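Dropping final-v2.cif in here (mmCIF, C-alpha atoms):
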```
data_model
#
loop_
_atom_site.label_atom_id
_atom_site.label_comp_id
_atom_site.auth_asym_id
_atom_site.auth_seq_id
_atom_site.Cartn_x
_atom_site.Cartn_y
_atom_site.Cartn_z
CA MET B 7 -43.37 -1.56 -30.65
CA ASN B 8 -42.67 1.78 -29.08
CA PRO B 9 -39.49 3.33 -30.60
CA GLN B 10 -38.48 4.15 -27.01
CA SER B 11 -38.37 0.46 -26.16
CA ALA B 12 -35.03 -0.95 -25.12
CA PHE B 13 -35.72 -3.73 -27.65
CA PHE B 14 -36.36 -1.44 -30.63
CA GLU B 15 -32.76 -0.86 -31.61
CA GLU B 16 -31.77 -4.51 -31.38
CA SER B 17 -34.81 -5.45 -33.47
CA ALA B 18 -33.77 -2.94 -36.14
CA ARG B 19 -30.21 -4.27 -36.04
CA CYS B 20 -31.45 -7.83 -36.53
CA LEU B 21 -33.59 -6.91 -39.52
CA LYS B 22 -30.76 -4.92 -41.12
CA GLN B 23 -28.59 -8.05 -40.97
CA SER B 24 -31.32 -10.25 -42.44
CA PRO B 25 -31.14 -11.11 -46.17
CA LEU B 26 -34.84 -10.39 -46.40
CA PHE B 27 -34.82 -6.89 -44.94
CA SER B 28 -31.24 -5.67 -45.33
CA GLU B 29 -31.80 -3.59 -48.48
CA LEU B 30 -34.73 -1.68 -47.03
CA ALA B 31 -34.41 1.95 -46.02
CA PRO B 32 -34.12 2.44 -42.25
CA SER B 33 -37.49 4.23 -42.27
CA ALA B 34 -39.21 1.15 -43.78
CA ILE B 35 -37.61 -1.10 -41.17
CA GLU B 36 -38.63 1.24 -38.37
CA ASP B 37 -42.13 1.37 -39.82
CA ILE B 38 -42.60 -2.40 -39.68
CA ILE B 39 -41.11 -2.67 -36.17
CA THR B 40 -43.42 0.07 -34.95
CA ARG B 41 -46.40 -1.91 -36.24
CA CYS B 42 -45.22 -5.12 -34.53
CA ARG B 43 -45.45 -6.37 -31.02
CA ARG B 44 -42.55 -8.17 -29.43
CA GLU B 45 -43.03 -11.69 -28.14
CA THR B 46 -40.81 -14.31 -26.60
CA TRP B 47 -41.53 -18.03 -26.74
CA ARG B 48 -39.79 -20.51 -24.52
CA ARG B 49 -37.76 -23.42 -25.85
CA ARG B 50 -39.70 -26.52 -26.89
CA ARG B 51 -42.93 -24.63 -27.47
CA GLN B 52 -44.90 -26.60 -30.05
CA LEU B 53 -47.96 -25.37 -31.83
CA PRO B 54 -49.76 -26.07 -35.07
CA MET B 55 -49.71 -23.29 -37.62
CA GLU B 56 -53.51 -23.08 -37.41
CA GLU B 57 -52.88 -21.18 -34.19
CA THR B 58 -50.43 -18.71 -35.65
CA TRP B 59 -51.24 -18.18 -39.32
CA GLN B 60 -53.30 -15.04 -38.72
CA ARG B 61 -50.17 -13.21 -37.67
CA PHE B 62 -46.93 -12.65 -39.53
CA HIS B 63 -43.80 -13.33 -37.49
CA ILE B 64 -40.15 -12.35 -37.85
CA LEU B 65 -37.58 -14.19 -35.73
CA LEU B 66 -35.16 -11.95 -33.83
CA SER B 67 -33.23 -14.62 -31.97
CA GLY B 68 -33.28 -18.38 -31.58
CA ARG B 69 -34.41 -21.07 -33.97
CA VAL B 70 -37.81 -22.37 -35.06
CA ARG B 71 -38.46 -25.61 -36.87
CA LEU B 72 -41.35 -26.03 -39.28
CA SER B 73 -42.20 -29.68 -39.74
CA ARG B 74 -44.81 -32.18 -40.74
CA SER B 75 -45.44 -35.53 -39.11
CA ASN B 76 -47.40 -38.68 -39.62
CA PRO B 77 -49.44 -39.39 -36.48
CA GLU B 78 -49.84 -43.02 -37.57
CA ASN B 79 -46.16 -43.88 -37.34
CA GLY B 80 -44.75 -40.86 -35.50
CA ARG B 81 -42.30 -40.06 -38.30
CA MET B 82 -41.46 -36.44 -38.86
CA ILE B 83 -39.82 -34.42 -41.59
CA THR B 84 -38.37 -30.96 -41.04
CA LEU B 85 -39.34 -28.62 -43.86
CA PHE B 86 -37.55 -25.49 -42.72
CA LEU B 87 -35.17 -24.53 -39.97
CA LEU B 88 -35.41 -20.81 -39.40
CA GLY B 89 -32.99 -18.47 -37.66
CA PRO B 90 -32.75 -14.77 -36.78
CA GLY B 91 -34.16 -12.51 -39.49
CA ASP B 92 -36.32 -15.25 -41.03
CA PRO B 93 -40.09 -14.78 -41.21
CA PHE B 94 -42.72 -17.44 -40.75
CA CYS B 95 -46.31 -17.83 -41.82
CA LEU B 96 -44.94 -16.35 -45.06
CA PHE B 97 -47.08 -18.60 -47.28
CA SER B 98 -50.16 -17.56 -45.32
CA LEU B 99 -49.21 -13.95 -45.92
CA LEU B 100 -49.34 -14.68 -49.64
CA ASP B 101 -52.39 -16.92 -49.93
CA GLY B 102 -54.36 -16.01 -46.81
CA LYS B 103 -54.76 -19.66 -45.75
CA PRO B 104 -53.50 -21.82 -42.89
CA HIS B 105 -51.02 -24.56 -43.74
CA GLU B 106 -50.60 -27.94 -42.17
CA VAL B 107 -47.29 -27.33 -40.48
CA MET B 108 -46.10 -27.76 -36.89
CA LEU B 109 -43.92 -25.08 -35.30
CA GLU B 110 -41.40 -25.89 -32.61
CA THR B 111 -38.94 -23.57 -30.89
CA LEU B 112 -35.48 -25.08 -30.50
CA ASP B 113 -34.28 -22.27 -28.23
CA ASP B 114 -35.88 -19.48 -26.27
CA VAL B 115 -36.87 -17.22 -29.14
CA ALA B 116 -37.71 -13.54 -29.49
CA LEU B 117 -39.84 -12.46 -32.38
CA LEU B 118 -41.82 -9.64 -33.88
CA SER B 119 -45.44 -10.32 -34.63
CA LEU B 120 -48.14 -8.38 -36.44
CA PRO B 121 -51.58 -9.19 -37.81
CA MET B 122 -51.60 -10.41 -41.42
CA ASP B 123 -53.76 -7.49 -42.54
CA GLU B 124 -51.27 -5.07 -41.05
CA ALA B 125 -48.38 -6.92 -42.74
CA ARG B 126 -50.16 -6.73 -46.12
CA HIS B 127 -50.81 -3.05 -45.54
CA TRP B 128 -47.08 -2.55 -44.86
CA LEU B 129 -46.28 -4.51 -48.04
CA ASP B 130 -48.57 -2.22 -50.06
CA GLU B 131 -46.76 0.81 -48.70
CA HIS B 132 -43.30 -0.64 -49.30
CA PRO B 133 -43.36 -2.33 -52.73
CA GLU B 134 -39.56 -2.15 -52.81
CA PHE B 135 -39.64 -5.04 -50.31
CA ASN B 136 -40.66 -7.36 -53.18
CA ARG B 137 -37.16 -7.08 -54.64
CA GLN B 138 -35.94 -9.10 -51.67
CA LEU B 139 -39.09 -11.09 -50.98
CA LEU B 140 -39.17 -12.75 -54.40
CA PRO B 141 -35.58 -14.09 -54.28
CA TYR B 142 -36.20 -15.21 -50.69
CA LEU B 143 -39.33 -17.10 -51.78
CA GLY B 144 -37.39 -18.56 -54.68
CA GLU B 145 -34.80 -19.83 -52.24
CA GLN B 146 -37.49 -21.40 -50.07
CA MET B 147 -39.01 -23.14 -53.09
CA CYS B 148 -35.58 -24.39 -54.16
CA SER B 149 -35.02 -25.68 -50.65
CA LEU B 150 -38.28 -27.66 -50.72
CA ALA B 151 -37.51 -28.94 -54.21
CA GLY B 152 -34.05 -29.95 -53.01
CA LEU B 153 -35.55 -31.81 -50.06
CA ALA B 154 -38.05 -33.62 -52.27
CA SER B 155 -35.41 -34.63 -54.83
CA ASP B 156 -32.94 -35.66 -52.13
CA LEU B 157 -35.56 -37.93 -50.58
CA ALA B 158 -36.43 -39.46 -53.92
CA LEU B 159 -33.01 -39.69 -55.57
CA HIS B 160 -30.24 -39.94 -53.01
CA ASP B 161 -29.14 -42.20 -50.23
CA THR B 162 -28.72 -41.17 -46.61
CA GLU B 163 -25.01 -40.36 -46.86
CA THR B 164 -25.58 -37.94 -49.75
CA ARG B 165 -28.60 -36.35 -48.07
CA LEU B 166 -26.69 -35.83 -44.84
CA ALA B 167 -23.69 -34.38 -46.69
CA ARG B 168 -25.98 -32.00 -48.58
CA LEU B 169 -27.76 -30.96 -45.42
CA ILE B 170 -24.50 -30.04 -43.72
CA LEU B 171 -23.18 -28.21 -46.79
CA ARG B 172 -26.39 -26.18 -47.08
CA HIS B 173 -25.65 -24.81 -43.63
CA VAL B 174 -21.98 -24.05 -44.22
CA ASP B 175 -21.22 -20.43 -44.97
CA SER B 176 -20.90 -20.14 -48.77
CA SER B 177 -17.94 -17.81 -48.33
CA ALA B 178 -15.87 -20.75 -47.05
CA THR B 179 -13.09 -21.11 -49.60
CA GLY B 180 -11.74 -24.25 -51.19
CA ASN B 181 -8.52 -23.91 -49.23
CA ASP B 182 -10.27 -23.72 -45.90
CA GLN B 183 -11.23 -27.28 -45.05
CA HIS B 184 -12.75 -26.47 -41.69
CA ALA B 185 -16.25 -25.06 -41.16
CA THR B 186 -18.90 -24.87 -38.50
CA PRO B 187 -22.38 -25.35 -39.96
CA ARG B 188 -24.74 -22.60 -38.88
CA LEU B 189 -28.09 -23.38 -37.18
CA ILE B 190 -27.57 -27.18 -37.14
CA ASN B 191 -24.20 -27.60 -35.43
CA ASP B 192 -25.64 -28.41 -32.00
CA LEU B 193 -28.66 -30.44 -33.04
CA SER B 194 -29.18 -34.01 -31.92
CA HIS B 195 -28.70 -36.87 -34.34
CA GLU B 196 -32.42 -37.55 -34.13
CA PHE B 197 -33.14 -33.98 -35.20
CA LEU B 198 -30.67 -34.22 -38.09
CA ALA B 199 -32.38 -37.44 -39.12
CA GLU B 200 -35.73 -35.65 -39.17
CA MET B 201 -34.23 -33.09 -41.53
CA ILE B 202 -33.29 -35.71 -44.12
CA GLY B 203 -36.08 -38.26 -43.72
CA SER B 204 -33.98 -40.82 -41.90
CA VAL B 205 -33.66 -42.21 -38.38
CA ARG B 206 -31.25 -41.51 -35.55
CA VAL B 207 -29.25 -44.74 -35.70
CA VAL B 208 -28.48 -44.32 -39.40
CA VAL B 209 -27.32 -40.70 -38.96
CA ASN B 210 -25.30 -41.65 -35.91
CA ARG B 211 -23.58 -44.47 -37.79
CA GLN B 212 -22.82 -42.22 -40.77
CA LEU B 213 -21.35 -39.45 -38.61
CA GLN B 214 -19.19 -41.96 -36.75
CA HIS B 215 -17.98 -43.29 -40.09
CA TRP B 216 -17.10 -39.79 -41.32
CA LYS B 217 -15.45 -39.05 -38.03
CA GLN B 218 -13.15 -42.04 -38.49
CA GLU B 219 -12.35 -40.78 -41.99
CA GLY B 220 -11.57 -37.30 -40.64
CA ILE B 221 -14.39 -35.61 -42.59
CA VAL B 222 -16.30 -34.33 -39.58
CA ASP B 223 -15.81 -33.99 -35.88
CA ALA B 224 -18.97 -34.78 -33.96
CA HIS B 225 -18.78 -34.85 -30.20
CA ARG B 226 -20.91 -33.75 -27.29
CA GLY B 227 -23.68 -32.62 -29.57
CA HIS B 228 -21.38 -30.37 -31.56
CA LEU B 229 -20.73 -30.83 -35.28
CA GLU B 230 -17.70 -29.46 -37.14
CA VAL B 231 -16.64 -30.10 -40.72
CA GLU B 232 -12.96 -31.01 -40.98
CA ALA B 233 -12.71 -31.81 -44.71
CA LEU B 234 -15.05 -29.61 -46.71
CA GLN B 235 -13.94 -30.77 -50.16
CA GLU B 236 -14.33 -34.41 -49.29
CA LEU B 237 -17.79 -33.74 -47.84
CA ALA B 238 -18.72 -31.90 -51.05
CA ARG B 239 -17.57 -34.93 -53.02
CA ARG B 240 -19.79 -37.19 -50.88
CA ALA B 241 -22.70 -34.82 -51.52
CA GLU B 242 -22.37 -35.28 -55.27
CA GLU B 243 -21.99 -39.05 -55.41
CA HIS B 244 -23.94 -42.04 -54.26
CA PRO B 245 -27.05 -42.17 -56.44
CA ARG B 246 -29.78 -44.00 -54.57
CA LYS B 247 -29.66 -47.75 -54.72
CA VAL B 248 -33.23 -48.49 -55.71
CA SER B 249 -34.48 -51.81 -54.47
CA ALA B 250 -37.07 -53.78 -56.39
CA MET H 28 -48.66 -21.62 -9.05
CA VAL H 29 -48.11 -18.51 -11.16
CA GLU H 30 -49.10 -18.90 -14.81
CA LYS H 31 -46.22 -19.10 -17.24
CA ASN H 32 -47.54 -16.66 -19.82
CA SER H 33 -47.18 -12.98 -19.16
CA CYS H 34 -47.35 -9.54 -20.64
CA VAL H 35 -44.70 -7.20 -19.25
CA ALA H 36 -44.93 -3.43 -19.61
CA VAL H 37 -42.15 -1.01 -18.61
CA TYR H 38 -43.06 2.42 -17.24
CA ASP H 39 -40.95 5.48 -16.58
CA ASN H 40 -42.65 6.34 -13.30
CA HIS H 41 -45.12 5.05 -10.76
CA LEU H 42 -47.90 7.37 -11.89
CA GLN H 43 -47.91 5.75 -15.31
CA ALA H 44 -47.81 2.27 -13.77
CA GLU H 45 -50.68 3.14 -11.44
CA GLU H 46 -52.74 4.47 -14.35
CA ALA H 47 -52.07 1.25 -16.31
CA VAL H 48 -53.25 -0.88 -13.38
CA ARG H 49 -56.40 1.21 -13.18
CA ARG H 50 -56.99 0.80 -16.91
CA LEU H 51 -56.61 -2.98 -16.71
CA LEU H 52 -59.04 -3.19 -13.80
CA GLU H 53 -61.55 -1.06 -15.70
CA LYS H 54 -61.27 -3.51 -18.60
CA GLY H 55 -62.16 -6.36 -16.28
CA PHE H 56 -58.74 -7.85 -15.59
CA ASP H 57 -58.37 -9.82 -12.37
CA ALA H 58 -56.29 -7.86 -9.84
CA GLY H 59 -55.02 -11.22 -8.58
CA LYS H 60 -53.14 -11.65 -11.85
CA LEU H 61 -51.23 -8.38 -11.80
CA SER H 62 -47.74 -7.81 -10.41
CA ILE H 63 -45.70 -4.64 -10.05
CA VAL H 64 -41.94 -4.44 -9.56
CA GLY H 65 -40.00 -1.27 -8.79
CA LYS H 66 -37.11 0.04 -6.79
CA GLY H 67 -38.03 0.73 -3.21
CA TYR H 68 -35.29 3.12 -2.34
CA GLN H 69 -34.24 6.43 -3.76
CA ARG H 70 -31.59 8.63 -2.25
CA GLU H 71 -33.82 11.63 -1.76
CA GLU H 72 -36.41 9.64 0.08
CA HIS H 73 -34.71 8.77 3.37
CA PRO H 74 -36.01 7.25 5.47
CA ILE H 75 -38.12 4.40 4.18
CA GLY H 76 -39.59 1.51 6.03
CA PHE H 77 -42.16 -1.22 6.01
CA TYR H 78 -44.44 -2.41 8.68
CA ASN H 79 -47.28 -4.78 8.83
CA THR H 80 -50.62 -3.83 10.36
CA GLY H 81 -52.87 -6.85 10.35
CA ASP H 82 -52.92 -8.10 6.84
CA ARG H 83 -51.58 -4.97 5.22
CA MET H 84 -48.03 -3.87 4.68
CA LYS H 85 -47.38 -0.16 4.89
CA PHE H 86 -44.74 1.59 2.87
CA TRP H 87 -43.15 4.64 4.38
CA GLY H 88 -41.65 7.13 1.94
CA ALA H 89 -42.45 9.44 -0.96
CA GLN H 90 -44.19 6.65 -2.87
CA GLY H 91 -46.04 5.29 0.13
CA ALA H 92 -49.45 6.09 -1.30
CA PHE H 93 -48.57 4.29 -4.52
CA TRP H 94 -47.35 1.08 -2.92
CA GLY H 95 -49.95 1.23 -0.16
CA GLY H 96 -52.69 1.52 -2.75
CA LEU H 97 -51.32 -1.38 -4.76
CA TRP H 98 -51.07 -3.62 -1.73
CA GLY H 99 -54.72 -2.97 -1.11
CA MET H 100 -55.49 -4.37 -4.55
CA LEU H 101 -52.82 -6.89 -5.46
CA LEU H 102 -51.93 -10.25 -3.96
CA GLY H 103 -48.80 -10.38 -1.83
CA ALA H 104 -46.03 -7.93 -1.19
CA ALA H 105 -42.29 -8.26 -0.78
CA PHE H 106 -39.26 -6.13 -0.20
CA PHE H 107 -35.84 -7.49 -1.13
CA TRP H 108 -32.32 -6.28 -1.33
CA VAL H 109 -30.96 -7.65 -4.59
CA PRO H 110 -27.23 -7.39 -5.27
CA GLY H 111 -26.67 -5.07 -8.20
CA LEU H 112 -30.21 -3.71 -8.07
CA GLY H 113 -30.58 -2.54 -4.50
CA THR H 114 -33.90 -2.67 -2.75
CA VAL H 115 -36.74 -3.94 -4.88
CA VAL H 116 -40.42 -3.81 -4.01
CA ILE H 117 -42.81 -6.32 -5.51
CA ALA H 118 -46.57 -6.63 -5.30
CA GLY H 119 -48.71 -9.37 -6.78
CA PRO H 120 -48.33 -13.06 -7.63
CA LEU H 121 -44.68 -12.61 -8.65
CA VAL H 122 -43.99 -12.60 -4.88
CA SER H 123 -44.95 -16.26 -4.63
CA ALA H 124 -42.74 -17.09 -7.64
CA LEU H 125 -39.90 -15.30 -5.90
CA VAL H 126 -40.48 -17.11 -2.62
CA THR H 127 -40.68 -20.42 -4.46
CA ALA H 128 -37.39 -19.63 -6.19
CA LEU H 129 -35.82 -18.84 -2.84
CA GLU H 130 -37.25 -21.74 -0.86
CA GLY H 131 -36.68 -24.26 -3.61
CA ALA H 132 -33.08 -23.11 -4.01
CA ALA H 133 -34.03 -22.79 -7.66
CA VAL H 134 -32.00 -19.66 -8.22
CA MET H 135 -30.52 -20.04 -11.69
CA GLY H 136 -26.86 -19.57 -12.41
CA GLY H 137 -26.06 -15.95 -13.16
CA LEU H 138 -29.52 -14.69 -12.25
CA SER H 139 -30.51 -12.61 -9.25
CA VAL H 140 -33.37 -13.82 -7.10
CA LEU H 141 -35.65 -11.45 -9.01
CA GLY H 142 -34.25 -12.81 -12.28
CA ALA H 143 -34.92 -16.36 -11.12
CA ALA H 144 -38.52 -15.44 -10.26
CA LEU H 145 -38.99 -13.85 -13.69
CA TYR H 146 -37.40 -16.90 -15.33
CA SER H 147 -39.73 -19.20 -13.44
CA ILE H 148 -42.77 -17.45 -14.92
CA GLY H 149 -41.53 -18.00 -18.47
CA ILE H 150 -39.44 -14.90 -19.18
CA PRO H 151 -36.21 -15.71 -21.05
CA ARG H 152 -32.78 -14.59 -19.87
CA ASP H 153 -32.21 -11.91 -22.53
CA SER H 154 -35.38 -10.13 -21.51
CA ILE H 155 -34.61 -10.52 -17.80
CA VAL H 156 -31.35 -8.61 -18.26
CA ARG H 157 -33.29 -5.76 -19.91
CA TYR H 158 -35.92 -5.72 -17.18
CA GLU H 159 -33.32 -5.66 -14.43
CA THR H 160 -31.64 -2.74 -16.19
CA ALA H 161 -35.00 -0.97 -16.37
CA ILE H 162 -35.57 -1.45 -12.64
CA LYS H 163 -32.07 -0.24 -11.92
CA SER H 164 -32.92 2.91 -13.87
CA ASP H 165 -35.95 3.49 -11.61
CA HIS H 166 -38.49 2.23 -14.10
CA TYR H 167 -41.45 0.06 -13.10
CA LEU H 168 -42.55 -3.30 -14.45
CA LEU H 169 -46.21 -4.16 -14.66
CA ILE H 170 -46.75 -7.86 -15.26
CA VAL H 171 -50.04 -9.41 -16.31
CA HIS H 172 -50.14 -13.18 -15.73
CA GLY H 173 -52.62 -15.41 -17.51
CA ASP H 174 -53.35 -17.66 -20.44
CA GLN H 175 -52.35 -16.68 -23.95
CA GLY H 176 -55.65 -14.93 -24.65
CA GLU H 177 -55.46 -12.90 -21.44
CA VAL H 178 -51.91 -11.70 -21.99
CA GLU H 179 -52.64 -10.82 -25.61
CA ARG H 180 -55.66 -8.81 -24.49
CA ALA H 181 -53.52 -7.12 -21.83
CA HIS H 182 -51.01 -6.22 -24.53
CA ASP H 183 -53.73 -4.51 -26.54
CA VAL H 184 -54.79 -2.47 -23.50
CA LEU H 185 -51.27 -1.53 -22.43
CA ALA H 186 -49.73 -0.88 -25.85
CA GLY H 187 -52.02 2.10 -26.31
CA GLY H 188 -50.80 3.79 -23.11
CA ASP H 189 -47.63 5.31 -21.74
CA ALA H 190 -45.56 2.12 -21.59
CA ARG H 191 -42.01 2.41 -22.83
CA ASP H 192 -42.16 -1.24 -23.81
CA VAL H 193 -44.79 -3.99 -23.83
CA THR H 194 -43.75 -7.59 -24.51
CA ILE H 195 -45.68 -10.85 -24.50
CA HIS H 196 -43.88 -13.88 -23.05
CA LEU H 197 -45.37 -17.27 -23.90
CA SER H 198 -44.29 -20.66 -22.62
#
```

Any chance you could put this one into structure tokens?
Amino acid sequence: MNPQSAFFEESARCLKQSPLFSELAPSAIEDIITRCRRETWRRRRQLPMEETWQRFHILLSGRVRLSRSNPENGRMITLFLLGPGDPFCLFSLLDGKPHEVMLETLDDVALLSLPMDEARHWLDEHPEFNRQLLPYLGEQMCSLAGLASDLALHDTETRLARLILRHVDSSATGNDQHATPRLINDLSHEFLAEMIGSVRVVVNRQLQHWKQEGIVDAHRGHLEVEALQELARRAEEHPRKVSA
Amino acid sequence: MVEKNSCVAVYDNHLQAEEAVRRLLEKGFDAGKLSIVGKGYQREEHPIGFYNTGDRMKFWGAQGAFWGGLWGMLLGAAFFWVPGLGTVVIAGPLVSALVTALEGAAVMGGLSVLGAALYSIGIPRDSIVRYETAIKSDHYLLIVHGDQGEVERAHDVLAGGDARDVTIHLS
């Protein structure tokens, strides 16, 4: 991207606010933006990662879902929900291979994109980036491990409570019972279900139940937490009832 | 129907935009898939006017040769007064998107008629605001319409030139 571009400054601002890039020197951020091209993708664009893995992408605005589905039964599981400052095709950057993942834009998104070789070249020139990349990767691995263990060990209520809490700002204090989950607060019940390996009716029923209990407020596609501590308690209980 | 993928380049002046069009044509791009948008009125250029001779529009003013040349190459031409932007001149397939937006009453809330035309070809609102600001500041937009491969190839051609900004918009 040309540093004269009207989009350059806002791209730099986005990266500086991202956990992955925030500790980098301004010159390193400007260097990667200069090597990138800017793209926008319209909402509901779906494409398999085989079409994108040869480029490294950094989201500037909007949300992207990475998911896997079973074409036999149409069921889908969301692996990651990415927001501004998050990269994707990160695993391909590391292992140089495509991965069987479907991308879907949930909003109109703007992103930076550069060829993988160019991204690796930038990484070689800025080894200090690894200090943030490694914790970020660790977080991603923990997230996948959490999803796998949730699916195996917990019932729907616990999984849904954990999902919501993962998206609540960690700075929310114990005294503050109210919170708006980031990234997921306007998603449909079907989408939430796909994030926890469930189905729409079950999530809908659970949210209605919590609403009656005053734990959440869910209306017109907007989700608010009204009783954080109680939700946290629900996230810790309810071991899965295993049927024979 | 105008394709919903595009590559949009912003130029400081018409000479740069003209050079970019020439470069794309040299590289084999279809002139029927290129649009140009710019302001058609500048204070020092009174008077300006348009007239139609046969199938050609003529532009009268300091940039007459520029627009006249483009209309010889590109599909369609239009001249609009857009609130907030002033007079805007468009050449290329974006004209039909603009006419469709007008005739279909598809003008989106909060967008000018130009904004609605840009939106209809797959450009998101945030970018439209920037492009309208660029036009207001007397810059020129060059838009390459096409499939994903074509607009990516156009990006590679245009990114190496004088463009202030080159962005790919995919639907």

Given only C-alpha atoms as the counted atoms, nearest of H:Asp189, H:Glu177, H:Asp153, H:Glu53 to His41 of chain H: H:Asp189

Determine the residue membership of the PyMOL selection byres ((chain H) within 10 of (chain B)) for the file above and supply it as JSON, numbers by chain. {"H": [31, 32, 33, 34, 37, 149, 150, 151, 152, 153, 154, 157, 158, 160, 161, 179, 182, 183, 186, 187, 189, 190, 191, 192, 193, 194, 195, 196, 197, 198]}

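Going from atom CA of Glu163 of chain B over to atom CA of Val70 of chain B, you cover 25.0 Å.
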
Tell me, in Å to one decimal, how far atom CA of Val207 of chain B is from atom CA of Leu237 of chain B. 20.0 Å

List, as an MDAnalysis selection string, every residue that the PyMOL selection byres ((chain H and resi 106) around 6) selects in the file provided. chainID H and resid 105 107 115:116

Take the PyMOL selection byres ((chain H and resi 112) around 10), apply it to the structure above, and return the hits as an MDAnalysis selection string. chainID H and resid 66 107:111 113:115 139 141 159:165

Would you save the residues from that selection as a CSV table (one decimal), keeping the file's coordinate frame, using C-alpha atoms?
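Below is the file again-v1.csv, written as the result:
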```csv
chain,number,residue,atom,x,y,z
H,66,LYS,CA,-37.1,0.0,-6.8
H,107,PHE,CA,-35.8,-7.5,-1.1
H,108,TRP,CA,-32.3,-6.3,-1.3
H,109,VAL,CA,-31.0,-7.6,-4.6
H,110,PRO,CA,-27.2,-7.4,-5.3
H,111,GLY,CA,-26.7,-5.1,-8.2
H,113,GLY,CA,-30.6,-2.5,-4.5
H,114,THR,CA,-33.9,-2.7,-2.8
H,115,VAL,CA,-36.7,-3.9,-4.9
H,139,SER,CA,-30.5,-12.6,-9.2
H,141,LEU,CA,-35.6,-11.4,-9.0
H,159,GLU,CA,-33.3,-5.7,-14.4
H,160,THR,CA,-31.6,-2.7,-16.2
H,161,ALA,CA,-35.0,-1.0,-16.4
H,162,ILE,CA,-35.6,-1.4,-12.6
H,163,LYS,CA,-32.1,-0.2,-11.9
H,164,SER,CA,-32.9,2.9,-13.9
H,165,ASP,CA,-36.0,3.5,-11.6
```

Residue among H:Tyr167, H:Leu121, H:Ala104, H:Val156 lying closest to Asn40 of chain H, counting all atoms listed in the file: H:Tyr167

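Distance annotation: of H:Lys54, H:Gln43, H:Gly103, H:Leu145, the residue with the minimal separation from Ile170 of chain H is H:Leu145; atom set is only C-alpha atoms.
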
Work out how far atom CA of His173 of chain B is from atom CA of His195 of chain B, in Å to one decimal. 15.5 Å

Selection as a PyMOL selection string: residues within 10 Å of (-58.6, -2.6, -13.8), counting only C-alpha atoms: chain H and resi 46-58+61+100

Taking 3 positions as the minimum chain separation for residues in the same chain, which residues sit within 8 Å of segment 18-35 of chain B when counting all atoms listed in the file? Answer as an MDAnalysis selection string. chainID B and resid 14:15 38:39 66 90:92 132 134:135 138:139 142

If we count only C-alpha atoms and set the cut-off at 12 Å, which residues sit around Ala238 of chain B, ignoring sequence neighbours fewer than 2 positions away in its own chain? Please answer as a VMD selection string. chain B and resid 163 to 172 174 180 183 221 to 222 231 to 236 240 to 244

Output C-alpha atoms for every residue in that selection, as an mmCIF file, keeping the file's coordinate frame.
```cif
data_model
loop_
_atom_site.group_PDB
_atom_site.id
_atom_site.type_symbol
_atom_site.label_atom_id
_atom_site.label_comp_id
_atom_site.auth_asym_id
_atom_site.auth_seq_id
_atom_site.Cartn_x
_atom_site.Cartn_y
_atom_site.Cartn_z
ATOM 1 C CA GLU B 163 -25.010 -40.360 -46.860
ATOM 2 C CA THR B 164 -25.580 -37.940 -49.750
ATOM 3 C CA ARG B 165 -28.600 -36.350 -48.070
ATOM 4 C CA LEU B 166 -26.690 -35.830 -44.840
ATOM 5 C CA ALA B 167 -23.690 -34.380 -46.690
ATOM 6 C CA ARG B 168 -25.980 -32.000 -48.580
ATOM 7 C CA LEU B 169 -27.760 -30.960 -45.420
ATOM 8 C CA ILE B 170 -24.500 -30.040 -43.720
ATOM 9 C CA LEU B 171 -23.180 -28.210 -46.790
ATOM 10 C CA ARG B 172 -26.390 -26.180 -47.080
ATOM 11 C CA VAL B 174 -21.980 -24.050 -44.220
ATOM 12 C CA GLY B 180 -11.740 -24.250 -51.190
ATOM 13 C CA GLN B 183 -11.230 -27.280 -45.050
ATOM 14 C CA ILE B 221 -14.390 -35.610 -42.590
ATOM 15 C CA VAL B 222 -16.300 -34.330 -39.580
ATOM 16 C CA VAL B 231 -16.640 -30.100 -40.720
ATOM 17 C CA GLU B 232 -12.960 -31.010 -40.980
ATOM 18 C CA ALA B 233 -12.710 -31.810 -44.710
ATOM 19 C CA LEU B 234 -15.050 -29.610 -46.710
ATOM 20 C CA GLN B 235 -13.940 -30.770 -50.160
ATOM 21 C CA GLU B 236 -14.330 -34.410 -49.290
ATOM 22 C CA ARG B 240 -19.790 -37.190 -50.880
ATOM 23 C CA ALA B 241 -22.700 -34.820 -51.520
ATOM 24 C CA GLU B 242 -22.370 -35.280 -55.270
ATOM 25 C CA GLU B 243 -21.990 -39.050 -55.410
ATOM 26 C CA HIS B 244 -23.940 -42.040 -54.260
#
```

Using all atoms listed in the file, pick whichever of B:Leu189, B:Ala151, B:Leu99, B:Leu159 has the shortest atom-to-atom distance to Arg71 of chain B. B:Leu189

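Proximity to Gly137 of chain H was assessed for H:Ile155, H:Glu45, H:Ala118, H:Gly173 counting only C-alpha atoms; the smallest distance is recorded for H:Ile155.
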
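A search radius of 12 Å centred on (-47.1, -2.2, -45.7), applied to all atoms listed in the file, returns the residues Ala34, Ile35, Glu36, Asp37, Ile38, Ile39, Thr40, Arg41, Cys42, Leu99, Leu120, Pro121, Met122, Asp123, Glu124, Ala125, Arg126, His127, Trp128, Leu129, Asp130, Glu131, His132, Pro133, Glu134, Phe135 and Asn136 of chain B.
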